file input-v4.pdb (PDB, C-alpha atoms, pLDDT in the B column)
ATOM      1  CA  MET W   1      51.491 161.815 191.920  1.00 65.00           C
ATOM      2  CA  TYR W   2      54.682 159.723 192.156  1.00 85.00           C
ATOM      3  CA  LEU W   3      54.517 156.453 194.094  1.00 95.00           C
ATOM      4  CA  HIS W   4      57.366 153.944 194.341  1.00 96.00           C
ATOM      5  CA  PRO W   5      55.764 150.491 194.080  1.00 97.00           C
ATOM      6  CA  ALA W   6      57.767 149.175 197.042  1.00 96.00           C
ATOM      7  CA  HIS W   7      56.443 151.834 199.404  1.00 95.00           C
ATOM      8  CA  VAL W   8      52.726 152.138 198.657  1.00 95.00           C
ATOM      9  CA  ASP W   9      50.471 151.615 201.680  1.00 95.00           C
ATOM     10  CA  VAL W  10      47.159 150.935 199.938  1.00 95.00           C
ATOM     11  CA  GLY W  11      45.374 150.669 203.254  1.00 95.00           C
ATOM     12  CA  ARG W  12      46.067 154.357 203.867  1.00 96.00           C
ATOM     13  CA  LEU W  13      46.104 155.567 200.274  1.00 96.00           C
ATOM     14  CA  VAL W  14      42.778 154.236 199.003  1.00 97.00           C
ATOM     15  CA  PRO W  15      40.607 155.904 201.695  1.00 97.00           C
ATOM     16  CA  LEU W  16      42.356 159.240 201.070  1.00 96.00           C
ATOM     17  CA  ILE W  17      41.584 159.085 197.353  1.00 95.00           C
ATOM     18  CA  LYS W  18      38.007 157.881 197.851  1.00 95.00           C
ATOM     19  CA  GLY W  19      37.492 160.669 200.390  1.00 95.00           C
ATOM     20  CA  GLY W  20      38.624 163.312 197.910  1.00 93.00           C
ATOM     21  CA  ALA W  21      41.879 164.296 199.631  1.00 95.00           C
ATOM     22  CA  ILE W  22      43.957 163.110 196.653  1.00 93.00           C
ATOM     23  CA  THR W  23      43.058 163.369 192.981  1.00 94.00           C
ATOM     24  CA  PRO W  24      42.637 159.859 191.505  1.00 96.00           C
ATOM     25  CA  TYR W  25      45.701 160.110 189.252  1.00 97.00           C
ATOM     26  CA  LEU W  26      48.693 158.053 190.328  1.00 97.00           C
ATOM     27  CA  ASP W  27      52.126 157.727 188.729  1.00 97.00           C
ATOM     28  CA  VAL W  28      53.545 154.349 189.755  1.00 98.00           C
ATOM     29  CA  PRO W  29      56.758 153.662 187.780  1.00 98.00           C
ATOM     30  CA  ILE W  30      57.248 149.899 187.640  1.00 98.00           C
ATOM     31  CA  GLN W  31      60.253 149.798 185.220  1.00 98.00           C
ATOM     32  CA  HIS W  32      59.675 146.086 184.548  1.00 98.00           C
ATOM     33  CA  VAL W  33      57.753 142.996 185.692  1.00 98.00           C
ATOM     34  CA  SER W  34      60.352 140.226 185.298  1.00 98.00           C
ATOM     35  CA  ASN W  35      61.663 139.166 188.705  1.00 98.00           C
ATOM     36  CA  PRO W  36      65.280 138.672 187.522  1.00 97.00           C
ATOM     37  CA  ILE W  37      65.272 142.107 185.867  1.00 97.00           C
ATOM     38  CA  LEU W  38      63.675 143.782 188.893  1.00 98.00           C
ATOM     39  CA  THR W  39      66.340 142.207 191.117  1.00 96.00           C
ATOM     40  CA  ARG W  40      69.109 143.415 188.831  1.00 95.00           C
ATOM     41  CA  MET W  41      67.599 146.894 188.903  1.00 95.00           C
ATOM     42  CA  GLY W  42      67.436 146.816 192.697  1.00 94.00           C
ATOM     43  CA  ARG W  43      63.766 147.817 192.673  1.00 96.00           C
ATOM     44  CA  GLY W  44      62.827 146.108 195.929  1.00 96.00           C
ATOM     45  CA  TYR W  45      59.646 144.342 194.765  1.00 97.00           C
ATOM     46  CA  ALA W  46      58.563 141.370 192.676  1.00 98.00           C
ATOM     47  CA  ARG W  47      55.934 140.684 190.025  1.00 98.00           C
ATOM     48  CA  LYS W  48      53.481 139.362 192.617  1.00 98.00           C
ATOM     49  CA  ASP W  49      53.695 142.673 194.475  1.00 98.00           C
ATOM     50  CA  LEU W  50      52.801 144.582 191.304  1.00 98.00           C
ATOM     51  CA  ASP W  51      49.895 142.248 190.565  1.00 98.00           C
ATOM     52  CA  ALA W  52      48.497 142.736 194.068  1.00 97.00           C
ATOM     53  CA  LEU W  53      49.018 146.512 194.056  1.00 98.00           C
ATOM     54  CA  PHE W  54      47.272 147.220 190.770  1.00 98.00           C
ATOM     55  CA  ASP W  55      44.483 144.745 191.459  1.00 97.00           C
ATOM     56  CA  VAL W  56      43.625 146.673 194.627  1.00 97.00           C
ATOM     57  CA  LEU W  57      43.954 150.106 193.028  1.00 97.00           C
ATOM     58  CA  ARG W  58      41.835 149.290 189.981  1.00 96.00           C
ATOM     59  CA  SER W  59      39.138 147.473 191.962  1.00 96.00           C
ATOM     60  CA  SER W  60      38.918 150.014 194.791  1.00 96.00           C
ATOM     61  CA  ILE W  61      39.008 153.420 193.087  1.00 96.00           C
ATOM     62  CA  ASP W  62      36.428 154.470 190.535  1.00 91.00           C
ATOM     63  CA  ASP W  63      37.735 156.347 187.489  1.00 93.00           C
ATOM     64  CA  LEU W  64      41.358 155.942 188.569  1.00 97.00           C
ATOM     65  CA  VAL W  65      43.949 157.241 186.095  1.00 98.00           C
ATOM     66  CA  LEU W  66      47.262 155.389 186.169  1.00 98.00           C
ATOM     67  CA  ARG W  67      50.629 156.332 184.708  1.00 98.00           C
ATOM     68  CA  THR W  68      53.758 154.213 184.744  1.00 98.00           C
ATOM     69  CA  THR W  69      57.257 154.136 183.295  1.00 98.00           C
ATOM     70  CA  VAL W  70      59.053 151.099 181.912  1.00 98.00           C
ATOM     71  CA  MET W  71      62.421 150.303 180.385  1.00 98.00           C
ATOM     72  CA  THR W  72      63.280 147.992 177.513  1.00 98.00           C
ATOM     73  CA  GLY W  73      66.623 146.380 176.829  1.00 97.00           C
ATOM     74  CA  PHE W  74      67.975 146.349 180.385  1.00 97.00           C
ATOM     75  CA  PRO W  75      71.017 144.017 180.531  1.00 96.00           C
ATOM     76  CA  GLY W  76      69.838 140.425 180.526  1.00 96.00           C
ATOM     77  CA  GLU W  77      66.319 141.100 179.231  1.00 98.00           C
ATOM     78  CA  THR W  78      65.138 138.130 177.180  1.00 98.00           C
ATOM     79  CA  GLU W  79      62.392 138.075 174.598  1.00 98.00           C
ATOM     80  CA  ALA W  80      60.159 136.154 177.004  1.00 98.00           C
ATOM     81  CA  GLN W  81      60.727 138.745 179.728  1.00 98.00           C
ATOM     82  CA  PHE W  82      59.891 141.516 177.313  1.00 98.00           C
ATOM     83  CA  ARG W  83      56.690 139.721 176.293  1.00 98.00           C
ATOM     84  CA  ALA W  84      55.713 139.472 179.951  1.00 98.00           C
ATOM     85  CA  LEU W  85      56.150 143.232 180.284  1.00 98.00           C
ATOM     86  CA  ALA W  86      54.046 143.924 177.190  1.00 98.00           C
ATOM     87  CA  GLY W  87      51.295 141.641 178.444  1.00 98.00           C
ATOM     88  CA  PHE W  88      51.282 143.305 181.849  1.00 98.00           C
ATOM     89  CA  LEU W  89      50.798 146.751 180.321  1.00 98.00           C
ATOM     90  CA  GLU W  90      47.814 145.472 178.369  1.00 97.00           C
ATOM     91  CA  ASP W  91      46.328 143.668 181.368  1.00 97.00           C
ATOM     92  CA  VAL W  92      46.541 146.610 183.783  1.00 97.00           C
ATOM     93  CA  SER W  93      45.475 149.021 181.026  1.00 97.00           C
ATOM     94  CA  PHE W  94      47.505 152.031 182.103  1.00 98.00           C
ATOM     95  CA  ASP W  95      46.192 155.389 180.929  1.00 98.00           C
ATOM     96  CA  HIS W  96      49.689 156.763 180.335  1.00 98.00           C
ATOM     97  CA  VAL W  97      52.998 154.950 179.836  1.00 98.00           C
ATOM     98  CA  GLY W  98      56.473 156.380 179.435  1.00 97.00           C
ATOM     99  CA  VAL W  99      58.903 154.002 177.705  1.00 98.00           C
ATOM    100  CA  PHE W 100      62.690 154.285 177.692  1.00 97.00           C
ATOM    101  CA  ALA W 101      65.261 152.123 175.948  1.00 98.00           C
ATOM    102  CA  TYR W 102      68.221 151.272 178.171  1.00 96.00           C
ATOM    103  CA  SER W 103      71.534 152.908 177.400  1.00 91.00           C
ATOM    104  CA  PRO W 104      74.754 152.382 179.392  1.00 87.00           C
ATOM    105  CA  GLU W 105      75.462 155.504 181.437  1.00 83.00           C
ATOM    106  CA  ALA W 106      78.834 156.264 182.972  1.00 82.00           C
ATOM    107  CA  GLY W 107      78.977 155.703 186.716  1.00 78.00           C
ATOM    108  CA  THR W 108      75.982 153.361 186.909  1.00 82.00           C
ATOM    109  CA  LYS W 109      76.133 149.796 188.235  1.00 82.00           C
ATOM    110  CA  ALA W 110      74.094 148.566 185.285  1.00 83.00           C
ATOM    111  CA  ARG W 111      76.900 149.519 182.900  1.00 81.00           C
ATOM    112  CA  ALA W 112      79.009 146.655 184.252  1.00 81.00           C
ATOM    113  CA  LEU W 113      76.272 144.031 184.003  1.00 85.00           C
ATOM    114  CA  ALA W 114      76.591 141.163 181.557  1.00 84.00           C
ATOM    115  CA  GLY W 115      73.961 140.342 178.959  1.00 87.00           C
ATOM    116  CA  ARG W 116      73.978 143.599 177.000  1.00 92.00           C
ATOM    117  CA  VAL W 117      70.922 143.835 174.737  1.00 96.00           C
ATOM    118  CA  PRO W 118      71.700 145.342 171.298  1.00 96.00           C
ATOM    119  CA  ALA W 119      70.524 148.942 171.046  1.00 96.00           C
ATOM    120  CA  ARG W 120      68.446 148.178 167.947  1.00 97.00           C
ATOM    121  CA  VAL W 121      66.584 145.462 169.872  1.00 98.00           C
ATOM    122  CA  ALA W 122      65.954 147.732 172.851  1.00 98.00           C
ATOM    123  CA  LEU W 123      64.634 150.463 170.532  1.00 98.00           C
ATOM    124  CA  ALA W 124      62.437 148.027 168.594  1.00 98.00           C
ATOM    125  CA  ARG W 125      60.936 146.802 171.872  1.00 98.00           C
ATOM    126  CA  LYS W 126      60.353 150.384 172.958  1.00 98.00           C
ATOM    127  CA  GLU W 127      58.462 151.158 169.753  1.00 98.00           C
ATOM    128  CA  GLU W 128      56.348 148.036 170.142  1.00 98.00           C
ATOM    129  CA  LEU W 129      55.296 149.081 173.649  1.00 98.00           C
ATOM    130  CA  LEU W 130      54.459 152.579 172.414  1.00 98.00           C
ATOM    131  CA  ASP W 131      52.256 151.070 169.691  1.00 98.00           C
ATOM    132  CA  ILE W 132      50.486 148.909 172.262  1.00 97.00           C
ATOM    133  CA  GLN W 133      49.972 151.874 174.555  1.00 98.00           C
ATOM    134  CA  MET W 134      48.528 154.035 171.774  1.00 97.00           C
ATOM    135  CA  ASP W 135      45.708 151.516 171.343  1.00 97.00           C
ATOM    136  CA  VAL W 136      45.177 151.199 175.097  1.00 97.00           C
ATOM    137  CA  SER W 137      45.091 154.983 175.517  1.00 97.00           C
ATOM    138  CA  GLN W 138      42.511 155.442 172.778  1.00 97.00           C
ATOM    139  CA  GLU W 139      40.349 152.691 174.236  1.00 97.00           C
ATOM    140  CA  ARG W 140      40.397 154.266 177.699  1.00 97.00           C
ATOM    141  CA  LEU W 141      39.677 157.753 176.358  1.00 98.00           C
ATOM    142  CA  THR W 142      36.889 156.440 174.143  1.00 98.00           C
ATOM    143  CA  ALA W 143      35.166 155.132 177.267  1.00 97.00           C
ATOM    144  CA  ARG W 144      34.713 158.776 178.332  1.00 97.00           C
ATOM    145  CA  LEU W 145      32.631 159.709 175.283  1.00 97.00           C
ATOM    146  CA  GLY W 146      29.356 161.337 176.249  1.00 97.00           C
ATOM    147  CA  THR W 147      30.381 161.993 179.848  1.00 97.00           C
ATOM    148  CA  GLU W 148      30.546 165.444 181.408  1.00 97.00           C
ATOM    149  CA  MET W 149      33.808 166.390 183.048  1.00 96.00           C
ATOM    150  CA  LYS W 150      35.379 169.284 184.912  1.00 96.00           C
ATOM    151  CA  ILE W 151      38.026 170.838 182.670  1.00 97.00           C
ATOM    152  CA  LEU W 152      40.690 173.341 183.686  1.00 97.00           C
ATOM    153  CA  ILE W 153      41.255 175.761 180.787  1.00 96.00           C
ATOM    154  CA  ASP W 154      44.977 176.366 180.282  1.00 96.00           C
ATOM    155  CA  SER W 155      45.100 178.628 177.267  1.00 95.00           C
ATOM    156  CA  ARG W 156      43.434 180.025 174.177  1.00 92.00           C
ATOM    157  CA  ILE W 157      44.837 178.418 171.044  1.00 91.00           C
ATOM    158  CA  PRO W 158      46.246 180.784 168.398  1.00 92.00           C
ATOM    159  CA  PRO W 159      44.115 180.675 165.216  1.00 88.00           C
ATOM    160  CA  ASP W 160      46.881 179.120 163.109  1.00 88.00           C
ATOM    161  CA  GLU W 161      47.435 176.291 165.645  1.00 88.00           C
ATOM    162  CA  ARG W 162      43.841 175.191 166.187  1.00 86.00           C
ATOM    163  CA  PRO W 163      43.082 171.529 165.380  1.00 83.00           C
ATOM    164  CA  HIS W 164      39.720 172.746 164.040  1.00 81.00           C
ATOM    165  CA  ARG W 165      38.461 176.254 163.387  1.00 77.00           C
ATOM    166  CA  ASN W 166      35.785 176.086 166.103  1.00 87.00           C
ATOM    167  CA  ILE W 167      38.138 174.753 168.785  1.00 92.00           C
ATOM    168  CA  GLU W 168      39.608 177.793 170.524  1.00 93.00           C
ATOM    169  CA  TRP W 169      40.680 176.467 173.927  1.00 96.00           C
ATOM    170  CA  GLU W 170      43.051 173.898 175.385  1.00 96.00           C
ATOM    171  CA  GLY W 171      42.601 172.420 178.832  1.00 97.00           C
ATOM    172  CA  ARG W 172      42.875 169.272 180.931  1.00 97.00           C
ATOM    173  CA  PHE W 173      40.760 166.990 183.044  1.00 97.00           C
ATOM    174  CA  TYR W 174      42.266 165.592 186.251  1.00 97.00           C
ATOM    175  CA  GLY W 175      43.845 162.680 184.405  1.00 97.00           C
ATOM    176  CA  GLN W 176      46.055 164.839 182.179  1.00 97.00           C
ATOM    177  CA  ALA W 177      49.210 166.151 183.847  1.00 95.00           C
ATOM    178  CA  TYR W 178      50.427 169.552 182.640  1.00 93.00           C
ATOM    179  CA  GLU W 179      52.892 169.344 179.723  1.00 92.00           C
ATOM    180  CA  ILE W 180      53.249 165.578 180.224  1.00 94.00           C
ATOM    181  CA  ASP W 181      50.049 163.908 179.052  1.00 96.00           C
ATOM    182  CA  GLY W 182      47.558 164.677 176.329  1.00 96.00           C
ATOM    183  CA  VAL W 183      45.116 167.583 176.483  1.00 97.00           C
ATOM    184  CA  THR W 184      41.417 168.261 176.159  1.00 98.00           C
ATOM    185  CA  TYR W 185      40.488 170.625 173.325  1.00 97.00           C
ATOM    186  CA  VAL W 186      37.388 172.593 174.208  1.00 96.00           C
ATOM    187  CA  LYS W 187      34.869 174.378 172.007  1.00 93.00           C
ATOM    188  CA  GLY W 188      32.240 176.780 173.250  1.00 92.00           C
ATOM    189  CA  SER W 189      31.928 180.048 175.138  1.00 88.00           C
ATOM    190  CA  ILE W 190      34.616 180.441 177.821  1.00 91.00           C
ATOM    191  CA  ARG W 191      35.400 183.563 179.830  1.00 87.00           C
ATOM    192  CA  SER W 192      39.146 183.165 180.209  1.00 87.00           C
ATOM    193  CA  SER W 193      42.044 180.785 180.684  1.00 91.00           C
ATOM    194  CA  GLY W 194      42.610 179.659 184.265  1.00 93.00           C
ATOM    195  CA  SER W 195      38.916 178.914 184.749  1.00 93.00           C
ATOM    196  CA  PHE W 196      36.997 175.681 185.166  1.00 95.00           C
ATOM    197  CA  VAL W 197      34.227 174.541 182.823  1.00 95.00           C
ATOM    198  CA  ARG W 198      31.881 171.600 182.702  1.00 96.00           C
ATOM    199  CA  ALA W 199      32.213 170.023 179.278  1.00 96.00           C
ATOM    200  CA  ARG W 200      30.825 166.994 177.476  1.00 97.00           C
ATOM    201  CA  ILE W 201      33.337 164.713 175.773  1.00 98.00           C
ATOM    202  CA  VAL W 202      32.418 164.435 172.081  1.00 97.00           C
ATOM    203  CA  GLU W 203      35.534 162.889 170.524  1.00 96.00           C
ATOM    204  CA  ALA W 204      38.429 160.704 171.657  1.00 97.00           C
ATOM    205  CA  GLN W 205      41.747 160.589 169.865  1.00 95.00           C
ATOM    206  CA  ALA W 206      44.809 158.473 170.664  1.00 96.00           C
ATOM    207  CA  TYR W 207      45.983 160.781 173.453  1.00 96.00           C
ATOM    208  CA  ASP W 208      43.644 163.796 173.426  1.00 97.00           C
ATOM    209  CA  LEU W 209      39.980 164.543 173.993  1.00 97.00           C
ATOM    210  CA  ILE W 210      37.612 167.046 172.381  1.00 97.00           C
ATOM    211  CA  ALA W 211      34.791 168.480 174.490  1.00 97.00           C
ATOM    212  CA  GLU W 212      31.943 170.981 174.249  1.00 96.00           C
ATOM    213  CA  VAL W 213      31.220 173.443 177.046  1.00 95.00           C
ATOM    214  CA  VAL W 214      28.111 172.744 179.103  1.00 91.00           C
ATOM    215  CA  HIS W 215      28.720 175.323 181.821  1.00 75.00           C
ATOM    216  CA  ASP W 216      31.463 177.874 182.530  1.00 67.00           C
ATOM    217  CA  GLU W 217      32.043 177.925 186.285  1.00 65.00           C
ATOM    218  CA  GLY W 218      33.647 181.345 185.929  1.00 56.00           C
ATOM    219  CA  ARG W 219      36.328 180.779 188.538  1.00 52.00           C
ATOM    220  CA  ALA W 220      39.769 181.947 187.530  1.00 46.00           C
ATOM    221  CA  ILE W 221      42.976 180.987 189.320  1.00 43.00           C
ATOM    222  CA  SER W 222      46.557 182.189 188.955  1.00 47.00           C
ATOM    223  CA  GLY W 223      48.688 180.936 186.096  1.00 50.00           C
ATOM    224  CA  ALA W 224      51.129 179.100 188.387  1.00 49.00           C
ATOM    225  CA  ALA W 225      48.371 177.334 190.276  1.00 48.00           C
ATOM    226  CA  ALA W 226      46.537 176.479 187.071  1.00 48.00           C
ATOM    227  CA  LYS W 227      49.393 174.196 186.054  1.00 51.00           C
ATOM    228  CA  ALA W 228      48.552 171.716 188.778  1.00 49.00           C
ATOM    229  CA  ARG W 229      45.230 172.432 190.449  1.00 49.00           C
ATOM    230  CA  PHE W 230      41.891 170.769 189.760  1.00 48.00           C
TER     231      PHE W 230
END
call {"tool": "encode", "arguments": {"input": "input-v4.pdb", "output": "structure tokens"}}
result
Amino acid sequence: MYLHPAHVDVGRLVPLIKGGAITPYLDVPIQHVSNPILTRMGRGYARKDLDALFDVLRSSIDDLVLRTTVMTGFPGETEAQFRALAGFLEDVSFDHVGVFAYSPEAGTKARALAGRVPARVALARKEELLDIQMDVSQERLTARLGTEMKILIDSRIPPDERPHRNIEWEGRFYGQAYEIDGVTYVKGSIRSSGSFVRARIVEAQAYDLIAEVVHDEGRAISGAAAKARF
């Protein structure tokens, strides 16, 4: 799932995804969008490269799920540069975003850079991005209401941990990475964990979905494989 923005060959990648060879879930960690910050980070690409990359991916691949990772408070980050990053996240509308506040680590080149951003500022910027992403995530999940999706059932939920008494199962659709993203809670008759079901999405939360079984495909796979396979 991991793609470094400087090394993505969209001419080769897009046909593979559209042909079904690769699941349409891509993790493309951008870290930032400000050219001065990207140069200081040594990322090897500029804002225009990110604009072009995500324009092609979003316009070429139906139902693409995108994850990225960004950092706030990198040495030298100005308020205007932070605002540009926040606006980019909203414009691209990532499905999942990991946000980290910069902290000086021993042995890193960044530790010696001038322009240290106060930790409280970096953390406040991180929280703002997380708030923005919560709204974006809910909007993107809400768009799936009423659709039928293939869900991999991971486990049966213990009675005392169920979000609702008639929701017994926890699973994922292809856009939810195991133990990283949200989950899909499933209600209905299911044979066992490790199987696939067709389910209709009936509720969207900030990061999770709730679905009702339409058809149990009855195919079970091993526990190890179930963590990744769709």
call {"tool": "residues_around", "arguments": {"input": "input-v4.pdb", "residues": "segment 201-210 of chain W", "least_positions_apart": "6", "cutoff": "8 Å", "atoms": "all atoms listed in the file", "output": "number ranges by chain"}}
result
W: 134-135, 137-138, 141-142, 144-149, 181-187
call {"tool": "residues_around", "arguments": {"input": "input-v4.pdb", "residues": "Pro158 of chain W", "least_positions_apart": "3", "cutoff": "10 Å", "atoms": "only C-alpha atoms", "output": "list in words"}}
result
Ser155, Glu161, Arg162, Glu168 and Trp169 of chain W
call {"tool": "atom_distance", "arguments": {"input": "input-v4.pdb", "atom1": "atom CA of Leu152 of chain W", "atom2": "atom CA of Val99 of chain W"}}
result
27.2 Å
call {"tool": "closest_residue", "arguments": {"input": "input-v4.pdb", "among": "W:Arg116, W:His7, W:Lys109, W:Lys150", "to": "Arg40 of chain W", "atoms": "all atoms listed in the file"}}
result
W:Lys109
call {"tool": "closest_residue", "arguments": {"input": "input-v4.pdb", "among": "W:Gly42, W:Gly87, W:Lys48, W:Met71", "to": "Glu127 of chain W", "atoms": "only C-alpha atoms"}}
result
W:Met71
call {"tool": "closest_residue", "arguments": {"input": "input-v4.pdb", "among": "W:Ile17, W:Leu89, W:Ile153, W:Ala101", "to": "Val121 of chain W", "atoms": "only C-alpha atoms"}}
result
W:Ala101
call {"tool": "residues_around", "arguments": {"input": "input-v4.pdb", "residues": "Pro5 of chain W", "least_positions_apart": "6", "cutoff": "10 Å", "atoms": "all atoms listed in the file", "output": "JSON, numbers by chain"}}
result
{"W": [27, 28, 29, 30, 31, 43, 44, 45, 46, 49, 50, 53, 54]}
call {"tool": "write_last_selection", "arguments": {"input": "input-v4.pdb", "atoms": "C-alpha atoms", "output": "compact mmCIF listing (two decimals), in the frame of the given file"}}
result
# COMPACT_ATOMS: atom_id res chain seq x y z
CA ASP W 27 52.13 157.73 188.73
CA VAL W 28 53.54 154.35 189.76
CA PRO W 29 56.76 153.66 187.78
CA ILE W 30 57.25 149.90 187.64
CA GLN W 31 60.25 149.80 185.22
CA ARG W 43 63.77 147.82 192.67
CA GLY W 44 62.83 146.11 195.93
CA TYR W 45 59.65 144.34 194.76
CA ALA W 46 58.56 141.37 192.68
CA ASP W 49 53.70 142.67 194.48
CA LEU W 50 52.80 144.58 191.30
CA LEU W 53 49.02 146.51 194.06
CA PHE W 54 47.27 147.22 190.77
call {"tool": "atom_distance", "arguments": {"input": "input-v4.pdb", "atom1": "atom CA of Gly98 of chain W", "atom2": "atom CA of Glu139 of chain W"}}
result
17.3 Å
call {"tool": "closest_residue", "arguments": {"input": "input-v4.pdb", "among": "W:Asp154, W:Pro118, W:Leu38, W:Tyr25", "to": "Asp95 of chain W", "atoms": "all atoms listed in the file"}}
result
W:Tyr25
call {"tool": "residues_near_point", "arguments": {"input": "input-v4.pdb", "point": "(61.8, 152.2, 172.8)", "cutoff": "10 Å", "atoms": "only C-alpha atoms", "output": "number ranges by chain"}}
result
W: 70-73, 98-102, 119-130
call {"tool": "closest_residue", "arguments": {"input": "input-v4.pdb", "among": "W:Ala112, W:Ala106, W:Ile167, W:Val97", "to": "Gly188 of chain W", "atoms": "all atoms listed in the file"}}
result
W:Ile167
call {"tool": "atom_distance", "arguments": {"input": "input-v4.pdb", "atom1": "atom CA of Gly115 of chain W", "atom2": "atom CA of Phe74 of chain W"}}
result
8.6 Å
call {"tool": "resolve_selection", "arguments": {"input": "input-v4.pdb", "expression": "the PyMOL selection byres ((chain W and resi 24) around 9)", "output": "MDAnalysis selection string"}}
result
chainID W and resid 17:18 20 22:23 25:26 61:66 174:175
call {"tool": "write_last_selection", "arguments": {"input": "input-v4.pdb", "atoms": "C-alpha atoms", "output": "PDB file, in the coordinates of the input"}}
result
ATOM      1  CA  ILE W  17      41.584 159.085 197.353  1.00 95.00           C
ATOM      2  CA  LYS W  18      38.007 157.881 197.851  1.00 95.00           C
ATOM      3  CA  GLY W  20      38.624 163.312 197.910  1.00 93.00           C
ATOM      4  CA  ILE W  22      43.957 163.110 196.653  1.00 93.00           C
ATOM      5  CA  THR W  23      43.058 163.369 192.981  1.00 94.00           C
ATOM      6  CA  TYR W  25      45.701 160.110 189.252  1.00 97.00           C
ATOM      7  CA  LEU W  26      48.693 158.053 190.328  1.00 97.00           C
ATOM      8  CA  ILE W  61      39.008 153.420 193.087  1.00 96.00           C
ATOM      9  CA  ASP W  62      36.428 154.470 190.535  1.00 91.00           C
ATOM     10  CA  ASP W  63      37.735 156.347 187.489  1.00 93.00           C
ATOM     11  CA  LEU W  64      41.358 155.942 188.569  1.00 97.00           C
ATOM     12  CA  VAL W  65      43.949 157.241 186.095  1.00 98.00           C
ATOM     13  CA  LEU W  66      47.262 155.389 186.169  1.00 98.00           C
ATOM     14  CA  TYR W 174      42.266 165.592 186.251  1.00 97.00           C
ATOM     15  CA  GLY W 175      43.845 162.680 184.405  1.00 97.00           C
TER      16      GLY W 175
END
call {"tool": "closest_residue", "arguments": {"input": "input-v4.pdb", "among": "W:Ala114, W:Leu57, W:Val213, W:Ile151", "to": "Gly194 of chain W", "atoms": "only C-alpha atoms"}}
result
W:Ile151
